[in-house]
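Q: Data file run.json (JSON, C-alpha atoms and all ligand atoms) is appended below.
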[["chain", "number", "residue", "atom", "x", "y", "z"],
["J", 25, "MET", "CA", 144.76, 62.95, 76.67],
["J", 26, "SER", "CA", 143.60, 65.42, 79.25],
["J", 27, "LYS", "CA", 141.56, 67.49, 76.72],
["J", 28, "VAL", "CA", 139.41, 64.60, 75.53],
["J", 29, "PRO", "CA", 137.56, 63.82, 78.77],
["J", 30, "LYS", "CA", 136.84, 67.53, 79.32],
["J", 31, "LYS", "CA", 135.08, 67.84, 75.98],
["J", 32, "LYS", "CA", 133.01, 64.76, 76.65],
["J", 33, "THR", "CA", 131.73, 66.05, 79.94],
["J", 34, "LYS", "CA", 130.78, 69.41, 78.39],
["J", 35, "LYS", "CA", 128.76, 67.70, 75.67],
["J", 36, "THR", "CA", 126.95, 65.31, 77.95],
["J", 37, "GLN", "CA", 125.80, 67.92, 80.46],
["J", 38, "PRO", "CA", 123.69, 70.00, 78.06],
["J", 39, "ALA", "CA", 122.26, 66.80, 76.60],
["J", 40, "ARG", "CA", 120.98, 65.81, 80.04],
["J", 41, "ARG", "CA", 119.42, 69.19, 80.61],
["J", 42, "LYS", "CA", 117.48, 68.96, 77.38],
["J", 43, "GLY", "CA", 116.24, 65.51, 78.32],
["J", 44, "PRO", "CA", 112.61, 64.77, 79.18],
["J", 45, "SER", "CA", 112.67, 65.43, 82.89],
["J", 46, "PRO", "CA", 115.92, 64.81, 84.71],
["J", 47, "ARG", "CA", 114.87, 67.07, 87.57],
["J", 48, "GLY", "CA", 111.20, 67.22, 86.92],
["J", 49, "THR", "CA", 111.56, 70.76, 85.68],
["J", 50, "SER", "CA", 109.64, 70.22, 82.47],
["J", 51, "LYS", "CA", 106.61, 68.92, 84.38],
["J", 52, "VAL", "CA", 106.62, 71.90, 86.69],
["J", 53, "ALA", "CA", 106.96, 74.25, 83.76],
["J", 54, "LYS", "CA", 103.93, 72.72, 82.07],
["J", 55, "ARG", "CA", 101.75, 72.88, 85.17],
["J", 56, "LYS", "CA", 102.46, 76.49, 86.02],
["J", 57, "PRO", "CA", 100.92, 78.03, 82.89],
["J", 58, "LYS", "CA", 97.76, 75.96, 83.41],
["J", 59, "LYS", "CA", 97.39, 77.28, 86.94],
["J", 60, "THR", "CA", 97.92, 80.88, 85.97],
["J", 61, "GLY", "CA", 95.62, 80.51, 82.98],
["J", 62, "ALA", "CA", 92.87, 79.21, 85.23],
["J", 63, "ALA", "CA", 93.47, 82.04, 87.66],
["J", 64, "VAL", "CA", 93.00, 84.64, 84.93],
["J", 65, "ALA", "CA", 89.79, 83.04, 83.70],
["J", 66, "THR", "CA", 88.32, 82.42, 87.16],
["J", 67, "PRO", "CA", 87.67, 86.00, 88.29],
["J", 68, "PRO", "CA", 84.98, 87.18, 85.87],
["J", 69, "ALA", "CA", 84.72, 89.95, 88.43],
["J", 70, "ALA", "CA", 86.54, 92.34, 86.14],
["J", 71, "LEU", "CA", 85.21, 95.64, 87.32],
["J", 72, "ARG", "CA", 84.48, 98.82, 85.44],
["J", 73, "MET", "CA", 86.88, 101.67, 85.83],
["J", 74, "ARG", "CA", 86.21, 103.50, 89.06],
["J", 75, "PRO", "CA", 85.30, 107.18, 89.09],
["J", 76, "VAL", "CA", 87.91, 109.52, 90.48],
["J", 77, "ILE", "CA", 86.25, 110.93, 93.58],
["J", 78, "GLY", "CA", 87.75, 113.84, 95.46],
["J", 79, "HIS", "CA", 86.87, 116.91, 97.46],
["J", 80, "ASP", "CA", 85.09, 118.61, 94.57],
["J", 81, "ASN", "CA", 82.74, 115.77, 93.61],
["J", 82, "GLN", "CA", 82.33, 113.64, 96.75],
["J", 83, "ALA", "CA", 78.98, 115.23, 97.56],
["J", 84, "TRP", "CA", 77.73, 114.52, 94.05],
["J", 85, "TRP", "CA", 78.63, 110.82, 94.33],
["J", 86, "ASP", "CA", 77.11, 110.64, 97.82],
["J", 87, "ARG", "CA", 73.78, 111.65, 96.30],
["J", 88, "ILE", "CA", 74.16, 109.13, 93.48],
["J", 89, "ASN", "CA", 74.72, 106.46, 96.11],
["J", 90, "ALA", "CA", 71.55, 107.64, 97.80],
["J", 91, "GLY", "CA", 69.66, 107.06, 94.56],
["J", 92, "GLU", "CA", 69.38, 110.64, 93.31],
["J", 93, "LEU", "CA", 70.82, 112.36, 90.26],
["J", 94, "PRO", "CA", 72.06, 115.73, 91.51],
["J", 95, "ILE", "CA", 73.03, 118.84, 89.59],
["J", 96, "GLN", "CA", 75.32, 121.39, 91.13],
["J", 97, "ARG", "CA", 73.82, 124.88, 91.39],
["J", 98, "CYS", "CA", 75.54, 128.17, 92.14],
["J", 99, "LYS", "CA", 74.14, 129.62, 95.35],
["J", 100, "GLN", "CA", 74.79, 133.15, 94.17],
["J", 101, "CYS", "CA", 73.38, 133.25, 90.64],
["J", 102, "GLY", "CA", 71.53, 129.95, 90.42],
["J", 103, "THR", "CA", 73.42, 128.66, 87.37],
["J", 104, "LEU", "CA", 73.43, 124.88, 87.07],
["J", 105, "ARG", "CA", 76.65, 123.11, 86.18],
["J", 106, "HIS", "CA", 77.99, 119.63, 85.57],
["J", 107, "PRO", "CA", 80.39, 117.99, 86.19],
["J", 108, "PRO", "CA", 80.76, 119.29, 89.73],
["J", 109, "ARG", "CA", 83.53, 121.81, 90.30],
["J", 110, "PRO", "CA", 84.35, 124.40, 92.92],
["J", 111, "MET", "CA", 83.67, 127.64, 91.05],
["J", 112, "CYS", "CA", 80.74, 129.03, 89.08],
["J", 113, "TRP", "CA", 81.80, 129.72, 85.49],
["J", 114, "LYS", "CA", 79.36, 132.61, 85.30],
["J", 115, "CYS", "CA", 79.85, 134.62, 88.48],
["J", 116, "GLN", "CA", 82.94, 133.00, 89.99],
["J", 117, "SER", "CA", 81.17, 132.26, 93.23],
["J", 118, "LEU", "CA", 82.50, 129.41, 95.32],
["J", 119, "ASP", "CA", 79.16, 128.85, 97.04],
["J", 120, "TRP", "CA", 77.18, 125.98, 95.63],
["J", 121, "GLU", "CA", 74.54, 123.44, 96.44],
["J", 122, "HIS", "CA", 72.89, 120.49, 94.77],
["J", 123, "VAL", "CA", 69.42, 120.18, 93.35],
["J", 124, "ALA", "CA", 67.80, 116.91, 92.38],
["J", 125, "ALA", "CA", 67.44, 116.43, 88.66],
["J", 126, "SER", "CA", 64.18, 115.18, 87.26],
["J", 127, "GLY", "CA", 66.21, 112.49, 85.53],
["J", 128, "LYS", "CA", 64.52, 113.24, 82.24],
["J", 129, "GLY", "CA", 66.55, 114.16, 79.21],
["J", 130, "ILE", "CA", 67.31, 113.54, 75.58],
["J", 131, "VAL", "CA", 70.23, 112.00, 73.74],
["J", 132, "TYR", "CA", 72.29, 114.99, 72.68],
["J", 133, "SER", "CA", 75.02, 112.88, 71.06],
["J", 134, "TYR", "CA", 76.33, 109.34, 71.28],
["J", 135, "VAL", "CA", 78.83, 106.79, 70.05],
["J", 136, "VAL", "CA", 78.61, 103.00, 69.99],
["J", 137, "VAL", "CA", 81.89, 101.49, 71.16],
["J", 138, "HIS", "CA", 82.76, 98.05, 69.79],
["J", 139, "ARG", "CA", 86.49, 97.91, 70.39],
["J", 140, "PRO", "CA", 88.70, 97.73, 72.34],
["J", 141, "GLU", "CA", 86.70, 95.59, 74.73],
["J", 142, "ILE", "CA", 87.78, 96.70, 78.18],
["J", 143, "PRO", "CA", 87.03, 94.13, 80.92],
["J", 144, "GLY", "CA", 84.06, 95.04, 83.06],
["J", 145, "TYR", "CA", 81.95, 96.49, 80.25],
["J", 146, "THR", "CA", 79.35, 94.96, 77.96],
["J", 147, "TYR", "CA", 79.75, 95.57, 74.24],
["J", 148, "PRO", "CA", 78.60, 97.14, 72.06],
["J", 149, "LEU", "CA", 78.61, 99.97, 74.59],
["J", 150, "VAL", "CA", 76.51, 103.05, 74.00],
["J", 151, "VAL", "CA", 78.23, 106.15, 75.38],
["J", 152, "ALA", "CA", 75.86, 109.07, 75.29],
["J", 153, "VAL", "CA", 75.87, 112.75, 76.07],
["J", 154, "VAL", "CA", 72.48, 113.27, 77.67],
["J", 155, "GLU", "CA", 71.00, 116.73, 77.85],
["J", 156, "LEU", "CA", 68.95, 116.86, 81.01],
["J", 157, "ALA", "CA", 65.63, 118.65, 81.12],
["J", 158, "GLU", "CA", 67.28, 121.18, 83.45],
["J", 159, "GLY", "CA", 69.76, 122.10, 80.72],
["J", 160, "THR", "CA", 73.03, 120.56, 81.86],
["J", 161, "ARG", "CA", 74.60, 117.65, 80.02],
["J", 162, "ILE", "CA", 76.04, 114.45, 81.40],
["J", 163, "VAL", "CA", 78.09, 111.69, 79.80],
["J", 164, "SER", "CA", 76.82, 108.24, 80.63],
["J", 165, "ASN", "CA", 75.86, 104.89, 79.15],
["J", 166, "LEU", "CA", 72.56, 104.17, 77.47],
["J", 167, "VAL", "CA", 71.26, 100.73, 78.36],
["J", 168, "GLY", "CA", 68.15, 98.67, 77.70],
["J", 169, "ILE", "CA", 68.12, 99.49, 73.99],
["J", 170, "ASP", "CA", 69.49, 98.03, 70.79],
["J", 171, "PRO", "CA", 72.48, 100.25, 69.94],
["J", 172, "LYS", "CA", 71.18, 100.46, 66.37],
["J", 173, "ALA", "CA", 67.94, 101.96, 67.63],
["J", 174, "VAL", "CA", 69.58, 104.89, 69.41],
["J", 175, "LYS", "CA", 68.70, 108.23, 67.88],
["J", 176, "ILE", "CA", 69.77, 111.75, 68.65],
["J", 177, "GLY", "CA", 66.96, 113.59, 70.37],
["J", 178, "MET", "CA", 65.28, 110.48, 71.73],
["J", 179, "PRO", "CA", 63.89, 110.86, 75.25],
["J", 180, "VAL", "CA", 65.70, 109.01, 78.02],
["J", 181, "LYS", "CA", 65.40, 108.71, 81.75],
["J", 182, "VAL", "CA", 68.05, 108.20, 84.39],
["J", 183, "SER", "CA", 68.33, 104.85, 86.08],
["J", 184, "ILE", "CA", 70.73, 104.68, 89.01],
["J", 185, "GLU", "CA", 71.97, 101.12, 88.96],
["J", 186, "ASP", "CA", 74.42, 98.88, 90.76],
["J", 187, "VAL", "CA", 76.84, 98.04, 87.98],
["J", 188, "ASP", "CA", 78.73, 95.86, 90.44],
["J", 189, "ALA", "CA", 78.86, 95.22, 94.18],
["J", 190, "THR", "CA", 80.50, 98.52, 95.05],
["J", 191, "LEU", "CA", 79.59, 100.94, 92.29],
["J", 192, "LYS", "CA", 76.37, 102.77, 91.53],
["J", 193, "LEU", "CA", 76.17, 104.72, 88.29],
["J", 194, "PRO", "CA", 73.53, 106.98, 86.79],
["J", 195, "LEU", "CA", 72.79, 105.15, 83.55],
["J", 196, "PHE", "CA", 70.07, 106.12, 81.11],
["J", 197, "ARG", "CA", 67.28, 104.08, 79.57],
["J", 198, "PRO", "CA", 64.77, 104.93, 76.89],
["J", 199, "ALA", "CA", 61.87, 106.90, 78.37],
["J", 200, "ARG", "CA", 58.49, 105.28, 78.02],
["J", 301, "ZN", "ZN", 77.15, 131.81, 89.83]]
In structure tokens, what does this structure look like?
A:
Amino acid sequence: MSKVPKKKTKKTQPARRKGPSPRGTSKVAKRKPKKTGAAVATPPAALRMRPVIGHDNQAWWDRINAGELPIQRCKQCGTLRHPPRPMCWKCQSLDWEHVAASGKGIVYSYVVVHRPEIPGYTYPLVVAVVELAEGTRIVSNLVGIDPKAVKIGMPVKVSIEDVDATLKLPLFRPAR
């Protein structure tokens, strides 16, 4: 006799939990995903990846933010180099300065990225190695052109643009 009532109570308890909304838990569970889904969709402010700025390239980025494309130059032998780094590859001097690039160059190589689509970027994304008129090369994005129209050797010109509220980048556009 004592075993029968125990079994009944065990069976009825799970049945109540599976019910529509004994505690209102099912309603809460349905609302939560909607809120989080809206939160994910609301900030379209997905930002591009930020450059890693440190002691060796701060000065370079400062000039970009001032609207100039700089190239690092060895103070001892005059060799230009990019990206910025502490030592001259040619004479091992640690003395350097920046010179302003003309901003003119050509597409040395490029790829058109379709996938994966990383938030903050517009696709298809043209990633180009631009050979500057001064001789150094820089990796950047080519904008203002149909990706299918990009050709190796085509002339381009730097365009320092605000890609979002807190980031300026030296992008390149077809030279006219
Ligand atoms: Zn040098």
Q: Do you know which residues are at most 8 Å from Leu156 (chain J) counting only C-alpha atoms, after dropping those on the same chain fewer than 6 positions away, and could you put them as a ChimeraX atom specification?
A: /J:125,127-130,162
Q: Could the residues in this selection be saved with C-alpha atoms as a PDB file, in the coordinates of the input?
A:
ATOM      1  CA  ALA J 125      67.440 116.430  88.660  1.00  0.00           C
ATOM      2  CA  GLY J 127      66.210 112.490  85.530  1.00  0.00           C
ATOM      3  CA  LYS J 128      64.520 113.240  82.240  1.00  0.00           C
ATOM      4  CA  GLY J 129      66.550 114.160  79.210  1.00  0.00           C
ATOM      5  CA  ILE J 130      67.310 113.540  75.580  1.00  0.00           C
ATOM      6  CA  ILE J 162      76.040 114.450  81.400  1.00  0.00           C
TER       7      ILE J 162
END
Q: 10 Å from ligand ZN 301 (chain J) is the threshold here; counting all atoms listed in the file, which polymer residues fall inside it? Answer as a ChimeraX atom specification.
A: /J:97-105,111-120
Q: Identify, on the basis of only C-alpha atoms, every residue whose closest approach to Glu92 (chain J) does not exceed 10 Å; exclude the query and any residue fewer than 2 positions from it along the same chain; express the result as an MDAnalysis selection string.
A: chainID J and resid 84:90 94:95 123:127 182:184 194
Q: Export, as an mmCIF file, keeping the file's coordinate frame, the selected residues with C-alpha atoms.
A:
data_model
loop_
_atom_site.group_PDB
_atom_site.id
_atom_site.type_symbol
_atom_site.label_atom_id
_atom_site.label_comp_id
_atom_site.auth_asym_id
_atom_site.auth_seq_id
_atom_site.Cartn_x
_atom_site.Cartn_y
_atom_site.Cartn_z
ATOM 1 C CA TRP J 84 77.730 114.520 94.050
ATOM 2 C CA TRP J 85 78.630 110.820 94.330
ATOM 3 C CA ASP J 86 77.110 110.640 97.820
ATOM 4 C CA ARG J 87 73.780 111.650 96.300
ATOM 5 C CA ILE J 88 74.160 109.130 93.480
ATOM 6 C CA ASN J 89 74.720 106.460 96.110
ATOM 7 C CA ALA J 90 71.550 107.640 97.800
ATOM 8 C CA PRO J 94 72.060 115.730 91.510
ATOM 9 C CA ILE J 95 73.030 118.840 89.590
ATOM 10 C CA VAL J 123 69.420 120.180 93.350
ATOM 11 C CA ALA J 124 67.800 116.910 92.380
ATOM 12 C CA ALA J 125 67.440 116.430 88.660
ATOM 13 C CA SER J 126 64.180 115.180 87.260
ATOM 14 C CA GLY J 127 66.210 112.490 85.530
ATOM 15 C CA VAL J 182 68.050 108.200 84.390
ATOM 16 C CA SER J 183 68.330 104.850 86.080
ATOM 17 C CA ILE J 184 70.730 104.680 89.010
ATOM 18 C CA PRO J 194 73.530 106.980 86.790
#
Q: Enter the distance from CA of Lys175 (chain J) to CA of Leu193 (chain J), in Å, rounded to one decimal.
A: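 According to the coordinates, CA of Lys175 (chain J) and CA of Leu193 (chain J) are separated by 22.0 Å.
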Q: From the list J:Arg139, J:Tyr147, J:Tyr134, J:Arg200, which residue is nearest Ser164 (chain J) when using only C-alpha atoms?
A: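 Between J:Arg139, J:Tyr147, J:Tyr134, J:Arg200, the residue approaching Ser164 (chain J) most closely is J:Tyr134.
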Q: Name the residues, using the chain letters and numbers of the file, that sit within 12 Å of (68.7, 111.6, 68.0) when counting only C-alpha atoms, and give them as a CSV table (one decimal) with C-alpha atoms, in the frame of the given file.
A:
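Contents of point-v8.csv, as written:
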chain,number,residue,atom,x,y,z
J,129,GLY,CA,66.6,114.2,79.2
J,130,ILE,CA,67.3,113.5,75.6
J,131,VAL,CA,70.2,112.0,73.7
J,132,TYR,CA,72.3,115.0,72.7
J,133,SER,CA,75.0,112.9,71.1
J,134,TYR,CA,76.3,109.3,71.3
J,135,VAL,CA,78.8,106.8,70.0
J,152,ALA,CA,75.9,109.1,75.3
J,153,VAL,CA,75.9,112.8,76.1
J,154,VAL,CA,72.5,113.3,77.7
J,155,GLU,CA,71.0,116.7,77.8
J,172,LYS,CA,71.2,100.5,66.4
J,173,ALA,CA,67.9,102.0,67.6
J,174,VAL,CA,69.6,104.9,69.4
J,175,LYS,CA,68.7,108.2,67.9
J,176,ILE,CA,69.8,111.8,68.6
J,177,GLY,CA,67.0,113.6,70.4
J,178,MET,CA,65.3,110.5,71.7
J,179,PRO,CA,63.9,110.9,75.2
J,180,VAL,CA,65.7,109.0,78.0
J,198,PRO,CA,64.8,104.9,76.9
Q: Which polymer residues, protein or nucleic acid, are no farther than 6 Å from (72.5, 101.9, 95.1), counting all atoms listed in the file, as a short mmCIF file (atom, residue, chain, number, x, y, z; two decimals) with C-alpha atoms, in the coordinates of the input?
A:
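File point15.cif, as written:
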data_model
loop_
_atom_site.label_atom_id
_atom_site.label_comp_id
_atom_site.auth_asym_id
_atom_site.auth_seq_id
_atom_site.Cartn_x
_atom_site.Cartn_y
_atom_site.Cartn_z
CA ASN J 89 74.72 106.46 96.11
CA GLY J 91 69.66 107.06 94.56
CA ASP J 186 74.42 98.88 90.76
CA LYS J 192 76.37 102.77 91.53
#
Q: Provide the CA of Phe196 (chain J) to CA of His79 (chain J) distance in Å, to one decimal place.
A: 25.8 Å
Q: For a test of reading the model, state the distance in Å between CA of Ile77 (chain J) and CA of Pro107 (chain J), rounded to one decimal.
A: 11.8 Å
Q: How big is the axis-aligned box, and where does its centre sit, when it encloses all atoms of region 97-107 of chain J listed in the file and has 5 Å added on every side, reported in Å to one decimal as JSON?
A:
{"center_x": 76.0, "center_y": 125.6, "center_z": 90.5, "size_x": 18.9, "size_y": 25.3, "size_z": 19.8}
Q: Which of these residues is nearest to Val167 (chain J), using only C-alpha atoms: J:His138, J:Asp188, J:Val151, J:Arg197?
A: J:Arg197
Q: Looking at J:Gly168, J:Pro75, J:Gly144, J:Pro108, which one is nearest to Ala199 (chain J), with distances taken over all atoms listed in the file?
A: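 Using all atoms listed in the file, the shortest distance to Ala199 (chain J) belongs to J:Gly168.
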Q: Point out the residue among J:Arg161, J:Lys181, J:His122, J:Arg109 with the least atom-to-atom distance to Asp80 (chain J), counting all atoms listed in the file.
A: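 With all atoms listed in the file as the atom set, the closest residue is J:Arg109.
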